[in-house]
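Take a look at the structure below.
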Amino acid sequence: MKTFDKPHKRYNPLTDEWVLVSPHRTKRPWQGKTEEVEETRRPAHDPSCYLCAGNERMGGQHNPMYESTFVFQNDFAALLEGDGNTESTKGLLRTREETGLCKVICFSPDHSLTMPEMTIAGLTEVVKVWKREFEALERVSYIKNVQIFENKGSIMGCSNPHPHGQIWAQSSVPNEIAKKTETQRAYFTKYQRSLLGDYLHQELEDGSRIICRNEHFVCLIPFWAVWPYETMIIPTRHFQAVTDMTTEEEVAFAEILSKITIRYDNLFKCSFPYSAGMQQRPTDDKPHEGWHFHYSFYPPLLRSATVKKFMVGYEMFANPQRDITAEQAAETLRLLSEKHYKNG
């Protein structure tokens with residue numbers, strides 16, 4: 001497929017939306033805001049950290065002396081438990097009660113680590129915890145979607161540097177999942193094949209947006225990526241949720257998570273910030289044959305460790321836009337070492 005060097009739009013079949021790509025803008029000078037680089041060495045245990053083993057949390061509870069992963073219900077949850085369905089309508093003003101559960105997953109007791117610095121065994125344990133939590137939460141009768149995600153870095157709103165992620169399980173299917181559910185359902189109904197499965201086949205034939213892969217997963221820059229170094233991990237086997245992973249796939253997923261996050265840190269020699277999220281079928285007891293599990297990273301850094309891509313102006317009021325092409329970003333990440341820069 002022709003790679004444009006002039007402004008053009010790219011279509012995202014998962015969300016039925018377009019992104020504007022402006023490759024020529026990479027040449028413009030930057031005189032805007034820069035961010036502080038977070039490179040202070042953290043201790044393995046921080047007595048003031050409310051996620052470290054044995055410490056008291058903000059709500060007054062004490063963490064156990066955990067040695068691998070640790071899961072607890074968020075002390076300041078965005079959703080509250082219950083099966084209520086109260087609604088109110090007054091003309092165009094509508095409200096609907098939303099209930100659910102919010103959990104925190106500490107990836108490791110070691111306060112100094114981030115995902116790219118963890119061992120494959122440690123990351124595999126995180127994957128197993130994701131599976132267990134998804135399985136338990138989908139059994140809760142009123143839960144219709146389980147969103148697993150991680151915010152890394154203060155510029156992504158992360159309030160604590162301890163390695164951790166979150167789960168929000170709620171009583172309705174949120175917007176992004178609803179859009180992807182419909183597009184994948186429609187494609188599967190028409191072709192009896194997975195939309196992402198066909199897309200991955202095309203990407204593997206092309207190769208220009210592939211970053212790394214193993215037997216079970218491929219990490220690539222999506223053709224329609226919005227963020228400068230946005231990536232997506234797609235399993236080569238079509239399955240719908242993290243609970244469908246085999247034991248081999250758990251390890252392979254941990255390996256691919258390690259490969260891409262190490263590359264991220266190596267890109268600008270910093271602890272690379274991002275928001276990462278697991279995209280999988282809703283838990284609403286409906287058939288979702290077309291759903292194809294995937295995991296996405298949305299990193300904000302654009303030119304260096306201190307220059308952030310902001311979604312403002314045109315992006316907020318009109319259409320997502322990016323400067324560097326997906327192919328340029330993929331080549332940059334693909335050529336980086338899989339050995340973390342801190343390890344020489």
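Numbering starts fresh at 1 for the residues of each chain in the structure tokens, the chains themselves are lettered A, B, ... in the order given, and ligands are numbered from 1 as they appear.
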task = Among the residues of segment 170-324 of chain A, find those DSSP assigns to helix (DSSP H, G or I) from the backbone and print them as number ranges by chain.
result = A: 175-191, 195-206, 242-244, 247-268, 314-317
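Using only C-alpha atoms, the residues found no farther than 12 Å from Thr246 of chain A, other than those of its own chain fewer than 2 positions away, are A:Thr124, A:Val127, A:Lys128, A:Lys131, A:His216, A:Pro235, A:Arg237, A:Phe239, A:Ala241, A:Val242, A:Thr243, A:Asp244, A:Glu248, A:Glu249, A:Glu250, A:Val251, A:Ala252, A:Phe253.
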request  = Would you list, as a ChimeraX atom specification, the residues of segment 104-335 of chain A that end up in strand (DSSP E or B) under DSSP run on this structure's backbone?
outcome  = /A:104-106,145-152,164-170,210-213,217-220,231-235,274-279,294-298,301-304,307-308,321-322
Residues of segment 284-311 of chain A at most 9 Å from segment 184-187 of chain A: nearest atom pair and distance in Å, only C-alpha atoms, as JSON lines:
{"residue": "A:His288", "atom": "CA", "partner": "A:Arg185", "partner_atom": "CA", "distance": 7.1}
{"residue": "A:Glu289", "atom": "CA", "partner": "A:Arg185", "partner_atom": "CA", "distance": 7.4}
{"residue": "A:Gly290", "atom": "CA", "partner": "A:Arg185", "partner_atom": "CA", "distance": 5.0}
{"residue": "A:Trp291", "atom": "CA", "partner": "A:Gln184", "partner_atom": "CA", "distance": 5.9}
{"residue": "A:His292", "atom": "CA", "partner": "A:Gln184", "partner_atom": "CA", "distance": 7.9}
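Residues surrounding Leu80 of chain A within 9 Å are A:Ala77, A:Ala78, A:Gly82, A:Glu98, A:Thr99, A:Gly100, A:Leu101, A:Cys102 [only C-alpha atoms; sequence separation below 2 positions excluded].
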Closest-contact table, segment 146-191 of chain A side, partner segment 45-67 of chain A, 10 Å, counting only C-alpha atoms, as a tab-separated table:
residue	atom	partner	partner_atom	distance
A:Asn160	CA	A:Cys49	CA	7.7
A:Pro161	CA	A:Cys49	CA	8.8
A:His162	CA	A:Leu51	CA	6.6
A:Pro163	CA	A:Leu51	CA	8.8
A:His164	CA	A:Leu51	CA	8.5
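Around His238 of chain A, within 8 Å and counting only C-alpha atoms, the residues found are A:Ser194, A:Gly197, A:His292, A:Phe293, once anything fewer than 4 positions away on its own chain is removed.
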Val126 of chain A surroundings by only C-alpha atoms, 8 Å radius, close-in-sequence under 4 positions cut, as a compact mmCIF listing (two decimals) with N, CA and C atoms, in the first residue's frame:
# COMPACT_ATOMS: atom_id res chain seq x y z
N THR A 69 2.35 -10.56 43.57
CA THR A 69 1.33 -9.59 43.22
C THR A 69 0.37 -9.43 44.40
N PHE A 107 1.82 -4.92 40.85
CA PHE A 107 2.51 -5.91 40.03
C PHE A 107 3.64 -6.61 40.77
N GLY A 122 7.80 -12.69 36.64
CA GLY A 122 7.00 -11.72 37.37
C GLY A 122 5.85 -11.19 36.53
N TRP A 130 -4.55 -11.11 36.16
CA TRP A 130 -5.56 -10.52 35.27
C TRP A 130 -6.63 -11.56 34.91
Between atom CA of Thr247 of chain A and atom CA of Ile262 of chain A - distance in Å to one decimal = 23.1 Å
Using only C-alpha atoms, what table do you get, as a tab-separated table, when you list each residue of segment 237-327 of chain A with an atom no more than 9 Å from segment 5-26 of chain A, its nearest pair of atoms, and their distance in Å rounded to one decimal, rows by chain then rising number?
residue	atom	partner	partner_atom	distance
A:Asn319	CA	A:Val19	CA	6.4
A:Pro320	CA	A:Val19	CA	5.0
A:Gln321	CA	A:Leu20	CA	4.5
A:Arg322	CA	A:Val21	CA	5.0
A:Asp323	CA	A:Ser22	CA	4.7
A:Ile324	CA	A:Pro23	CA	5.2
A:Thr325	CA	A:Pro23	CA	6.1
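The protein and nucleic acid residues lying at most 9 Å from Ile260 of chain A are A:Pro116, A:Ile211, A:Cys212, A:Cys219, A:Thr231, A:Glu255, A:Ile256, A:Leu257, A:Ser258, A:Ile262, A:Arg263, A:Tyr264, A:Asp265, A:Leu333, A:Glu338, with only C-alpha atoms considered and sequence neighbours fewer than 2 positions away removed.
By chain and then residue number, the residues within 8 Å of Trp227 of chain A are Tyr298, Pro299, Pro300, Lys309 and Arg322 of chain A, counting only C-alpha atoms and disregarding those fewer than 4 positions away in sequence.
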I need the residues from that last selection saved to file as a PDB file, in the first residue's frame (with all heavy atoms), if you can.
ATOM      1  N   TYR A 298      -0.931   3.685  24.770  1.00  0.00           N
ATOM      2  CA  TYR A 298      -1.060   5.059  24.285  1.00  0.00           C
ATOM      3  C   TYR A 298      -0.041   5.927  25.008  1.00  0.00           C
ATOM      4  O   TYR A 298      -0.316   6.467  26.072  1.00  0.00           O
ATOM      5  CB  TYR A 298      -2.472   5.601  24.542  1.00  0.00           C
ATOM      6  CG  TYR A 298      -3.593   4.873  23.819  1.00  0.00           C
ATOM      7  CD1 TYR A 298      -4.903   5.020  24.239  1.00  0.00           C
ATOM      8  CD2 TYR A 298      -3.343   4.054  22.722  1.00  0.00           C
ATOM      9  CE1 TYR A 298      -5.942   4.377  23.579  1.00  0.00           C
ATOM     10  CE2 TYR A 298      -4.365   3.403  22.063  1.00  0.00           C
ATOM     11  CZ  TYR A 298      -5.672   3.572  22.499  1.00  0.00           C
ATOM     12  OH  TYR A 298      -6.701   2.932  21.849  1.00  0.00           O
ATOM     13  N   PRO A 299       1.177   6.082  24.468  1.00  0.00           N
ATOM     14  CA  PRO A 299       2.212   6.903  25.112  1.00  0.00           C
ATOM     15  C   PRO A 299       2.132   8.341  24.597  1.00  0.00           C
ATOM     16  O   PRO A 299       1.896   8.576  23.417  1.00  0.00           O
ATOM     17  CB  PRO A 299       3.524   6.239  24.680  1.00  0.00           C
ATOM     18  CG  PRO A 299       3.151   5.148  23.718  1.00  0.00           C
ATOM     19  CD  PRO A 299       1.732   5.345  23.333  1.00  0.00           C
ATOM     20  N   PRO A 300       2.391   9.332  25.457  1.00  0.00           N
ATOM     21  CA  PRO A 300       2.248  10.721  25.051  1.00  0.00           C
ATOM     22  C   PRO A 300       3.506  11.376  24.484  1.00  0.00           C
ATOM     23  O   PRO A 300       3.419  12.457  23.904  1.00  0.00           O
ATOM     24  CB  PRO A 300       1.864  11.409  26.360  1.00  0.00           C
ATOM     25  CG  PRO A 300       2.632  10.630  27.390  1.00  0.00           C
ATOM     26  CD  PRO A 300       2.616   9.197  26.906  1.00  0.00           C
ATOM     27  N   LYS A 309       2.978  14.985  23.402  1.00  0.00           N
ATOM     28  CA  LYS A 309       1.925  15.227  22.420  1.00  0.00           C
ATOM     29  C   LYS A 309       0.642  15.563  23.182  1.00  0.00           C
ATOM     30  O   LYS A 309       0.157  14.764  23.983  1.00  0.00           O
ATOM     31  CB  LYS A 309       1.704  13.978  21.559  1.00  0.00           C
ATOM     32  CG  LYS A 309       0.387  13.930  20.799  1.00  0.00           C
ATOM     33  CD  LYS A 309       0.331  14.937  19.677  1.00  0.00           C
ATOM     34  CE  LYS A 309      -0.969  14.754  18.879  1.00  0.00           C
ATOM     35  NZ  LYS A 309      -1.109  15.726  17.798  1.00  0.00           N
ATOM     36  N   ARG A 322      -2.065  13.230  13.904  1.00  0.00           N
ATOM     37  CA  ARG A 322      -0.691  12.881  14.271  1.00  0.00           C
ATOM     38  C   ARG A 322       0.262  13.395  13.216  1.00  0.00           C
ATOM     39  O   ARG A 322      -0.135  13.625  12.068  1.00  0.00           O
ATOM     40  CB  ARG A 322      -0.537  11.364  14.450  1.00  0.00           C
ATOM     41  CG  ARG A 322      -0.768  10.549  13.197  1.00  0.00           C
ATOM     42  CD  ARG A 322      -0.580   9.053  13.441  1.00  0.00           C
ATOM     43  NE  ARG A 322       0.815   8.693  13.607  1.00  0.00           N
ATOM     44  CZ  ARG A 322       1.260   7.896  14.576  1.00  0.00           C
ATOM     45  NH1 ARG A 322       0.431   7.393  15.456  1.00  0.00           N
ATOM     46  NH2 ARG A 322       2.545   7.596  14.663  1.00  0.00           N
TER      47      ARG A 322
END
request  = Enter the distance from atom CA of Phe72 of chain A to atom CA of Cys106 of chain A, in Å, rounded to one decimal.
outcome  = 8.6 Å
